[in-house]
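K.L.:
My structure is stored as protein-v5.pdb, with PDB, C-alpha atoms.
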```
ATOM      1  CA  MET A  10       3.547 -26.219  49.441
ATOM      2  CA  HIS A  11       3.293 -29.358  47.374
ATOM      3  CA  ASP A  12       6.073 -30.839  45.329
ATOM      4  CA  HIS A  13       4.572 -32.163  42.087
ATOM      5  CA  THR A  14       6.573 -34.714  40.203
ATOM      6  CA  VAL A  15       6.073 -34.763  36.456
ATOM      7  CA  LEU A  16       6.223 -38.221  34.941
ATOM      8  CA  SER A  17       7.282 -38.929  31.416
ATOM      9  CA  SER A  18       5.999 -41.879  29.408
ATOM     10  CA  ASN A  19       9.251 -43.667  30.309
ATOM     11  CA  ASP A  20       8.246 -43.539  33.987
ATOM     12  CA  LEU A  21       4.815 -45.131  33.425
ATOM     13  CA  PRO A  22       4.133 -48.849  33.644
ATOM     14  CA  ALA A  23       3.915 -50.588  30.272
ATOM     15  CA  ARG A  24       0.152 -51.176  30.587
ATOM     16  CA  PHE A  25      -0.394 -47.377  30.469
ATOM     17  CA  THR A  26       2.024 -46.518  27.703
ATOM     18  CA  GLN A  27       0.560 -49.061  25.299
ATOM     19  CA  ARG A  28      -2.572 -46.917  25.062
ATOM     20  CA  LEU A  29      -0.807 -43.609  24.442
ATOM     21  CA  PRO A  30      -1.546 -42.454  20.902
ATOM     22  CA  ALA A  31       1.444 -42.156  18.634
ATOM     23  CA  ARG A  32       2.254 -38.577  17.826
ATOM     24  CA  PRO A  33       1.948 -38.031  14.072
ATOM     25  CA  SER A  34       5.102 -37.058  12.267
ATOM     26  CA  ALA A  35       5.405 -33.767  10.420
ATOM     27  CA  PRO A  36       5.193 -35.490   6.993
ATOM     28  CA  ALA A  37       2.042 -37.344   8.103
ATOM     29  CA  LEU A  38       0.436 -34.102   9.259
ATOM     30  CA  LEU A  39       1.387 -32.398   5.992
ATOM     31  CA  GLN A  40      -0.185 -35.241   4.021
ATOM     32  CA  THR A  41      -3.372 -34.916   6.059
ATOM     33  CA  VAL A  42      -3.543 -31.156   5.476
ATOM     34  CA  GLN A  43      -2.864 -31.585   1.750
ATOM     35  CA  ALA A  44      -5.521 -34.304   1.464
ATOM     36  CA  PHE A  45      -8.048 -31.992   3.119
ATOM     37  CA  GLN A  46      -7.037 -29.099   0.849
ATOM     38  CA  TYR A  47      -7.273 -31.293  -2.242
ATOM     39  CA  ARG A  48     -10.776 -32.458  -1.319
ATOM     40  CA  GLU A  49     -11.807 -28.827  -0.781
ATOM     41  CA  MET A  50     -10.328 -27.809  -4.162
ATOM     42  CA  GLU A  51     -11.889 -30.766  -5.927
ATOM     43  CA  HIS A  52     -15.303 -29.928  -4.480
ATOM     44  CA  ALA A  53     -15.030 -26.210  -5.363
ATOM     45  CA  LEU A  54     -13.800 -26.971  -8.889
ATOM     46  CA  ARG A  55     -16.474 -29.540  -9.694
ATOM     47  CA  ALA A  56     -18.906 -27.003 -11.208
ATOM     48  CA  SER A  57     -16.213 -25.617 -13.530
ATOM     49  CA  GLY A  58     -15.042 -28.957 -14.906
ATOM     50  CA  GLY A  59     -13.092 -30.305 -11.948
ATOM     51  CA  VAL A  60      -9.519 -31.473 -12.299
ATOM     52  CA  MET A  61      -7.995 -33.823 -14.840
ATOM     53  CA  SER A  62      -4.724 -35.617 -15.113
ATOM     54  CA  SER A  63      -2.305 -34.311 -17.712
ATOM     55  CA  ASP A  64      -2.962 -37.475 -19.743
ATOM     56  CA  GLU A  65      -6.699 -36.715 -19.796
ATOM     57  CA  VAL A  66      -6.042 -33.107 -20.847
ATOM     58  CA  VAL A  67      -3.760 -34.348 -23.637
ATOM     59  CA  THR A  68      -6.596 -36.598 -24.825
ATOM     60  CA  LEU A  69      -8.876 -33.544 -25.067
ATOM     61  CA  LEU A  70      -6.167 -31.581 -26.884
ATOM     62  CA  VAL A  71      -5.811 -34.238 -29.595
ATOM     63  CA  ARG A  72      -8.866 -32.718 -31.297
ATOM     64  CA  GLN A  73      -7.281 -29.246 -31.303
ATOM     65  CA  THR A  74      -3.615 -29.761 -32.146
ATOM     66  CA  GLU A  75      -1.301 -32.258 -33.798
ATOM     67  CA  GLN A  76       1.144 -32.111 -30.876
ATOM     68  CA  PRO A  77      -0.997 -32.142 -27.747
ATOM     69  CA  ILE A  78       1.782 -33.194 -25.347
ATOM     70  CA  SER A  79       4.100 -30.430 -26.578
ATOM     71  CA  GLN A  80       1.287 -27.881 -26.436
ATOM     72  CA  LEU A  81       0.359 -28.708 -22.856
ATOM     73  CA  ALA A  82       4.017 -28.772 -21.788
ATOM     74  CA  ARG A  83       4.532 -25.344 -23.362
ATOM     75  CA  TRP A  84       1.541 -23.888 -21.495
ATOM     76  CA  ILE A  85       2.822 -25.296 -18.216
ATOM     77  CA  VAL A  86       6.399 -24.060 -18.748
ATOM     78  CA  ASP A  87       5.237 -20.624 -19.964
ATOM     79  CA  ARG A  88       2.989 -20.378 -16.876
ATOM     80  CA  ASP A  89      -0.162 -20.019 -18.961
ATOM     81  CA  VAL A  90      -1.777 -22.707 -16.797
ATOM     82  CA  ILE A  91      -1.179 -24.187 -13.366
ATOM     83  CA  SER A  92      -0.627 -27.845 -12.627
ATOM     84  CA  PHE A  93       0.417 -29.741  -9.546
ATOM     85  CA  GLN A  94       1.262 -33.233  -8.381
ATOM     86  CA  TRP A  95      -1.415 -35.290  -6.696
ATOM     87  CA  GLN A  96      -1.012 -38.984  -5.923
ATOM     88  CA  SER A  97       1.932 -39.371  -8.308
ATOM     89  CA  ARG A  98       0.254 -37.714 -11.263
ATOM     90  CA  THR A  99       0.159 -34.221 -12.683
ATOM     91  CA  VAL A 100      -3.301 -32.679 -12.494
ATOM     92  CA  LEU A 101      -4.738 -29.489 -13.936
ATOM     93  CA  PRO A 102      -7.874 -27.596 -12.893
ATOM     94  CA  LEU A 103     -10.114 -27.275 -15.949
ATOM     95  CA  PHE A 104     -11.516 -23.840 -15.059
ATOM     96  CA  GLN A 105      -8.407 -22.339 -16.615
ATOM     97  CA  PHE A 106      -9.358 -23.645 -20.071
ATOM     98  CA  ASP A 107     -12.013 -22.582 -22.534
ATOM     99  CA  LEU A 108     -13.508 -26.055 -22.828
ATOM    100  CA  SER A 109     -14.852 -25.486 -26.341
ATOM    101  CA  THR A 110     -11.372 -24.828 -27.744
ATOM    102  CA  MET A 111      -9.206 -26.323 -24.965
ATOM    103  CA  THR A 112      -7.088 -23.180 -24.869
ATOM    104  CA  PRO A 113      -6.085 -21.286 -21.737
ATOM    105  CA  ARG A 114      -8.512 -18.538 -20.714
ATOM    106  CA  SER A 115      -6.585 -15.266 -20.982
ATOM    107  CA  SER A 116      -8.265 -13.787 -17.893
ATOM    108  CA  VAL A 117      -7.121 -16.753 -15.783
ATOM    109  CA  THR A 118      -3.617 -16.726 -17.300
ATOM    110  CA  ALA A 119      -3.236 -13.045 -16.348
ATOM    111  CA  VAL A 120      -4.131 -13.844 -12.734
ATOM    112  CA  ILE A 121      -1.801 -16.864 -12.657
ATOM    113  CA  ARG A 122       1.096 -14.765 -13.922
ATOM    114  CA  GLU A 123       0.364 -12.152 -11.273
ATOM    115  CA  LEU A 124       0.506 -14.746  -8.478
ATOM    116  CA  ILE A 125       3.399 -16.906  -9.757
ATOM    117  CA  PRO A 126       6.201 -14.853  -8.191
ATOM    118  CA  ALA A 127       4.683 -15.273  -4.738
ATOM    119  CA  ARG A 128       2.815 -18.592  -4.797
ATOM    120  CA  SER A 129       3.199 -22.207  -5.895
ATOM    121  CA  ASP A 130       0.706 -23.701  -8.345
ATOM    122  CA  TRP A 131      -0.945 -25.531  -5.424
ATOM    123  CA  GLU A 132      -1.298 -22.271  -3.490
ATOM    124  CA  ILE A 133      -2.669 -20.494  -6.573
ATOM    125  CA  CYS A 134      -5.338 -23.148  -6.998
ATOM    126  CA  LEU A 135      -6.259 -22.796  -3.325
ATOM    127  CA  TRP A 136      -6.410 -19.013  -3.781
ATOM    128  CA  PHE A 137      -8.840 -19.372  -6.705
ATOM    129  CA  VAL A 138     -11.306 -21.494  -4.719
ATOM    130  CA  ALA A 139     -11.207 -19.681  -1.357
ATOM    131  CA  PRO A 140     -13.618 -16.881  -0.439
ATOM    132  CA  ASN A 141     -11.847 -13.547  -0.909
ATOM    133  CA  THR A 142     -12.652 -10.415   1.083
ATOM    134  CA  ARG A 143     -11.518  -8.219  -1.826
ATOM    135  CA  LEU A 144     -14.255  -9.868  -3.907
ATOM    136  CA  ALA A 145     -17.050  -9.408  -1.338
ATOM    137  CA  GLY A 146     -16.553 -12.971  -0.096
ATOM    138  CA  ALA A 147     -16.809 -14.605  -3.519
ATOM    139  CA  SER A 148     -14.055 -16.919  -4.654
ATOM    140  CA  PRO A 149     -11.870 -15.704  -7.531
ATOM    141  CA  LEU A 150     -13.065 -18.793  -9.412
ATOM    142  CA  ASP A 151     -16.676 -17.598  -9.190
ATOM    143  CA  ALA A 152     -15.889 -13.918  -9.707
ATOM    144  CA  ILE A 153     -13.568 -14.095 -12.710
ATOM    145  CA  ALA A 154     -16.308 -14.659 -15.297
ATOM    146  CA  LEU A 155     -18.258 -11.664 -14.013
ATOM    147  CA  ASN A 156     -15.442  -9.227 -13.301
ATOM    148  CA  ALA A 157     -11.991 -10.379 -14.432
ATOM    149  CA  PRO A 158     -10.304  -6.961 -13.819
ATOM    150  CA  THR A 159     -11.364  -7.002 -10.154
ATOM    151  CA  VAL A 160      -9.982 -10.525  -9.723
ATOM    152  CA  LEU A 161      -6.711  -9.412 -11.334
ATOM    153  CA  ASP A 162      -6.554  -6.482  -8.889
ATOM    154  CA  ALA A 163      -7.144  -8.891  -5.989
ATOM    155  CA  ALA A 164      -4.295 -11.072  -7.273
ATOM    156  CA  ARG A 165      -1.984  -8.040  -7.442
ATOM    157  CA  GLU A 166      -2.823  -7.202  -3.841
ATOM    158  CA  GLU A 167      -2.322 -10.829  -2.812
ATOM    159  CA  ARG A 168       1.098 -10.957  -4.423
ATOM    160  CA  CYS A 169       2.199  -7.946  -2.369
ATOM    161  CA  LEU A 170       1.075  -9.348   0.986
ATOM    162  CA  PRO A 171       3.827 -10.601   3.311
ATOM    163  CA  ARG A 172       4.105 -14.371   3.666
ATOM    164  CA  ASP A 173       3.830 -16.119   7.025
TER     165      ASP A 173
END
```
Here is a file; write its structure as structure tokens.

P.N.:
Amino acid sequence: MHDHTVLSSNDLPARFTQRLPARPSAPALLQTVQAFQYREMEHALRASGGVMSSDEVVTLLVRQTEQPISQLARWIVDRDVISFQWQSRTVLPLFQFDLSTMTPRSSVTAVIRELIPARSDWEICLWFVAPNTRLAGASPLDAIALNAPTVLDAAREERCLPRD
């Protein structure tokens, strides 16, 4: 029988501990995961207009309304559209707007309102761009133009699923 001694980094000579990688903190890991998720969202959203800062959306709304800031704020507060913070700015995915009128797409708003009780705006955006088994592997983003009622049904099912 062998007695194995387990050494901690405190027991090692300094020349060995200098090369030990620092263990990332929980906030650093979260930032890394969020950066990866944002890049994935940005890539998936590119074909449908991408994402814009709230200031850029307001600039587009100037052509449609006399009070673009108030209009956008109302849509965000009323949960007609989703927005989230990224690198100290508020961003909005453009797929949720009819780009010719810069008004929220009613089919997307219905899905957002279905998911709001169970998900954050960030999580809803991720949900829209991820492949969904209820939609035969298509993302809700891709499927909503072809079959909005099926996407709404998928959102209802999603809302009822238990959270981890």

K.L.:
So what does the PyMOL selection byres ((chain A and resi 51-63) around 7) actually pick up in this one, as a PyMOL selection string?

P.N.:
chain A and resi 47-50+64-67+98-104+138

K.L.:
Nearest residue to Gln80 in chain A out of A:Gln43, A:Thr118, A:Ser97, A:Thr112, using only C-alpha atoms?

P.N.:
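Closest candidate: A:Thr112.
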
K.L.:
Looking at only C-alpha atoms, which of A:Thr41, A:Gln94, A:Gln76, A:Thr159 is the one that sits closest to Asp130 in chain A?

P.N.:
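Closest to Asp130 in chain A, using only C-alpha atoms: A:Gln94.
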
K.L.:
Smallest atom-to-atom distance to Leu161 in chain A: which of A:Trp136, A:Ala119, A:Trp131, A:Pro126, using only C-alpha atoms?

P.N.:
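The answer is A:Ala119, which sits nearest to Leu161 in chain A.
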
K.L.:
Give as a list in words the residues that the PyMOL selection byres ((chain A and resi 169) around 12) matches when applied to the coordinates above.

P.N.:
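Evaluating the PyMOL selection byres ((chain A and resi 169) around 12) on this file yields Glu123, Leu124, Ile125, Pro126, Ala127, Arg128, Asp162, Ala163, Ala164, Arg165, Glu166, Glu167, Arg168, Leu170, Pro171 and Arg172 of chain A.
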
K.L.:
Box in all listed atoms of range 54-70 of chain A, axis-aligned, with 8 Å more on each side; write out centre and edge lengths in Å to one decimal as JSON.

P.N.:
```
{"center_x": -10.6, "center_y": -31.5, "center_z": -17.9, "size_x": 32.6, "size_y": 27.9, "size_z": 34.0}
```

K.L.:
What is the CA of Gln105 in chain A-CA of Ile91 in chain A distance in Å, reported with one decimal?

P.N.:
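Distance reported for this atom pair: 8.1 Å.
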
K.L.:
Provide range 155-166 of chain A rebuilt to all heavy atoms, formatted as an mmCIF file, in the coordinates of the input.

P.N.:
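Generated output (result-v7.cif):
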```
data_model
loop_
_atom_site.group_PDB
_atom_site.id
_atom_site.type_symbol
_atom_site.label_atom_id
_atom_site.label_comp_id
_atom_site.auth_asym_id
_atom_site.auth_seq_id
_atom_site.Cartn_x
_atom_site.Cartn_y
_atom_site.Cartn_z
ATOM 1 N N LEU A 155 -17.445 -12.870 -14.114
ATOM 2 C CA LEU A 155 -18.258 -11.664 -14.013
ATOM 3 C C LEU A 155 -17.442 -10.384 -14.014
ATOM 4 O O LEU A 155 -17.883 -9.358 -14.528
ATOM 5 C CB LEU A 155 -19.098 -11.713 -12.720
ATOM 6 C CG LEU A 155 -20.022 -12.915 -12.584
ATOM 7 C CD1 LEU A 155 -20.643 -12.950 -11.196
ATOM 8 C CD2 LEU A 155 -21.088 -12.876 -13.669
ATOM 9 N N ASN A 156 -16.235 -10.441 -13.431
ATOM 10 C CA ASN A 156 -15.442 -9.227 -13.301
ATOM 11 C C ASN A 156 -13.954 -9.566 -13.234
ATOM 12 O O ASN A 156 -13.331 -9.467 -12.176
ATOM 13 C CB ASN A 156 -15.883 -8.451 -12.064
ATOM 14 C CG ASN A 156 -15.389 -7.028 -12.083
ATOM 15 O OD1 ASN A 156 -14.467 -6.675 -12.821
ATOM 16 N ND2 ASN A 156 -15.985 -6.196 -11.253
ATOM 17 N N ALA A 157 -13.400 -9.971 -14.369
ATOM 18 C CA ALA A 157 -11.991 -10.379 -14.432
ATOM 19 C C ALA A 157 -11.031 -9.282 -13.966
ATOM 20 O O ALA A 157 -10.060 -9.589 -13.257
ATOM 21 C CB ALA A 157 -11.637 -10.845 -15.841
ATOM 22 N N PRO A 158 -11.242 -7.988 -14.291
ATOM 23 C CA PRO A 158 -10.304 -6.961 -13.819
ATOM 24 C C PRO A 158 -10.235 -6.861 -12.287
ATOM 25 O O PRO A 158 -9.160 -6.642 -11.730
ATOM 26 C CB PRO A 158 -10.837 -5.662 -14.432
ATOM 27 C CG PRO A 158 -11.594 -6.103 -15.649
ATOM 28 C CD PRO A 158 -12.206 -7.421 -15.256
ATOM 29 N N THR A 159 -11.353 -7.055 -11.614
ATOM 30 C CA THR A 159 -11.364 -7.002 -10.154
ATOM 31 C C THR A 159 -10.593 -8.189 -9.569
ATOM 32 O O THR A 159 -9.875 -8.046 -8.582
ATOM 33 C CB THR A 159 -12.802 -6.976 -9.622
ATOM 34 O OG1 THR A 159 -13.470 -5.856 -10.186
ATOM 35 C CG2 THR A 159 -12.842 -6.884 -8.115
ATOM 36 N N VAL A 160 -10.721 -9.348 -10.178
ATOM 37 C CA VAL A 160 -9.982 -10.525 -9.723
ATOM 38 C C VAL A 160 -8.482 -10.308 -9.950
ATOM 39 O O VAL A 160 -7.667 -10.631 -9.088
ATOM 40 C CB VAL A 160 -10.479 -11.810 -10.420
ATOM 41 C CG1 VAL A 160 -9.615 -13.013 -10.036
ATOM 42 C CG2 VAL A 160 -11.943 -12.071 -10.071
ATOM 43 N N LEU A 161 -8.125 -9.715 -11.069
ATOM 44 C CA LEU A 161 -6.711 -9.412 -11.334
ATOM 45 C C LEU A 161 -6.178 -8.423 -10.295
ATOM 46 O O LEU A 161 -5.059 -8.593 -9.791
ATOM 47 C CB LEU A 161 -6.546 -8.863 -12.751
ATOM 48 C CG LEU A 161 -5.115 -8.612 -13.215
ATOM 49 C CD1 LEU A 161 -4.261 -9.876 -13.145
ATOM 50 C CD2 LEU A 161 -5.122 -8.054 -14.636
ATOM 51 N N ASP A 162 -6.966 -7.428 -9.945
ATOM 52 C CA ASP A 162 -6.554 -6.482 -8.889
ATOM 53 C C ASP A 162 -6.364 -7.196 -7.551
ATOM 54 O O ASP A 162 -5.416 -6.918 -6.813
ATOM 55 C CB ASP A 162 -7.573 -5.352 -8.733
ATOM 56 C CG ASP A 162 -7.567 -4.373 -9.898
ATOM 57 O OD1 ASP A 162 -6.574 -4.359 -10.665
ATOM 58 O OD2 ASP A 162 -8.559 -3.634 -10.048
ATOM 59 N N ALA A 163 -7.265 -8.121 -7.235
ATOM 60 C CA ALA A 163 -7.144 -8.891 -5.989
ATOM 61 C C ALA A 163 -5.872 -9.730 -5.998
ATOM 62 O O ALA A 163 -5.188 -9.854 -4.976
ATOM 63 C CB ALA A 163 -8.372 -9.775 -5.790
ATOM 64 N N ALA A 164 -5.529 -10.286 -7.151
ATOM 65 C CA ALA A 164 -4.295 -11.072 -7.273
ATOM 66 C C ALA A 164 -3.070 -10.184 -7.081
ATOM 67 O O ALA A 164 -2.103 -10.583 -6.425
ATOM 68 C CB ALA A 164 -4.243 -11.762 -8.632
ATOM 69 N N ARG A 165 -3.110 -8.985 -7.630
ATOM 70 C CA ARG A 165 -1.984 -8.040 -7.442
ATOM 71 C C ARG A 165 -1.806 -7.714 -5.966
ATOM 72 O O ARG A 165 -0.680 -7.672 -5.464
ATOM 73 C CB ARG A 165 -2.230 -6.768 -8.239
ATOM 74 C CG ARG A 165 -2.023 -6.944 -9.705
ATOM 75 C CD ARG A 165 -2.144 -5.633 -10.465
ATOM 76 N NE ARG A 165 -1.921 -5.891 -11.865
ATOM 77 C CZ ARG A 165 -2.779 -5.607 -12.836
ATOM 78 N NH1 ARG A 165 -3.926 -4.999 -12.557
ATOM 79 N NH2 ARG A 165 -2.495 -5.904 -14.081
ATOM 80 N N GLU A 166 -2.901 -7.486 -5.277
ATOM 81 C CA GLU A 166 -2.823 -7.202 -3.841
ATOM 82 C C GLU A 166 -2.296 -8.421 -3.082
ATOM 83 O O GLU A 166 -1.484 -8.287 -2.174
ATOM 84 C CB GLU A 166 -4.196 -6.807 -3.300
ATOM 85 C CG GLU A 166 -4.653 -5.440 -3.758
ATOM 86 C CD GLU A 166 -6.035 -5.094 -3.220
ATOM 87 O OE1 GLU A 166 -6.352 -5.486 -2.076
ATOM 88 O OE2 GLU A 166 -6.798 -4.453 -3.956
#
```
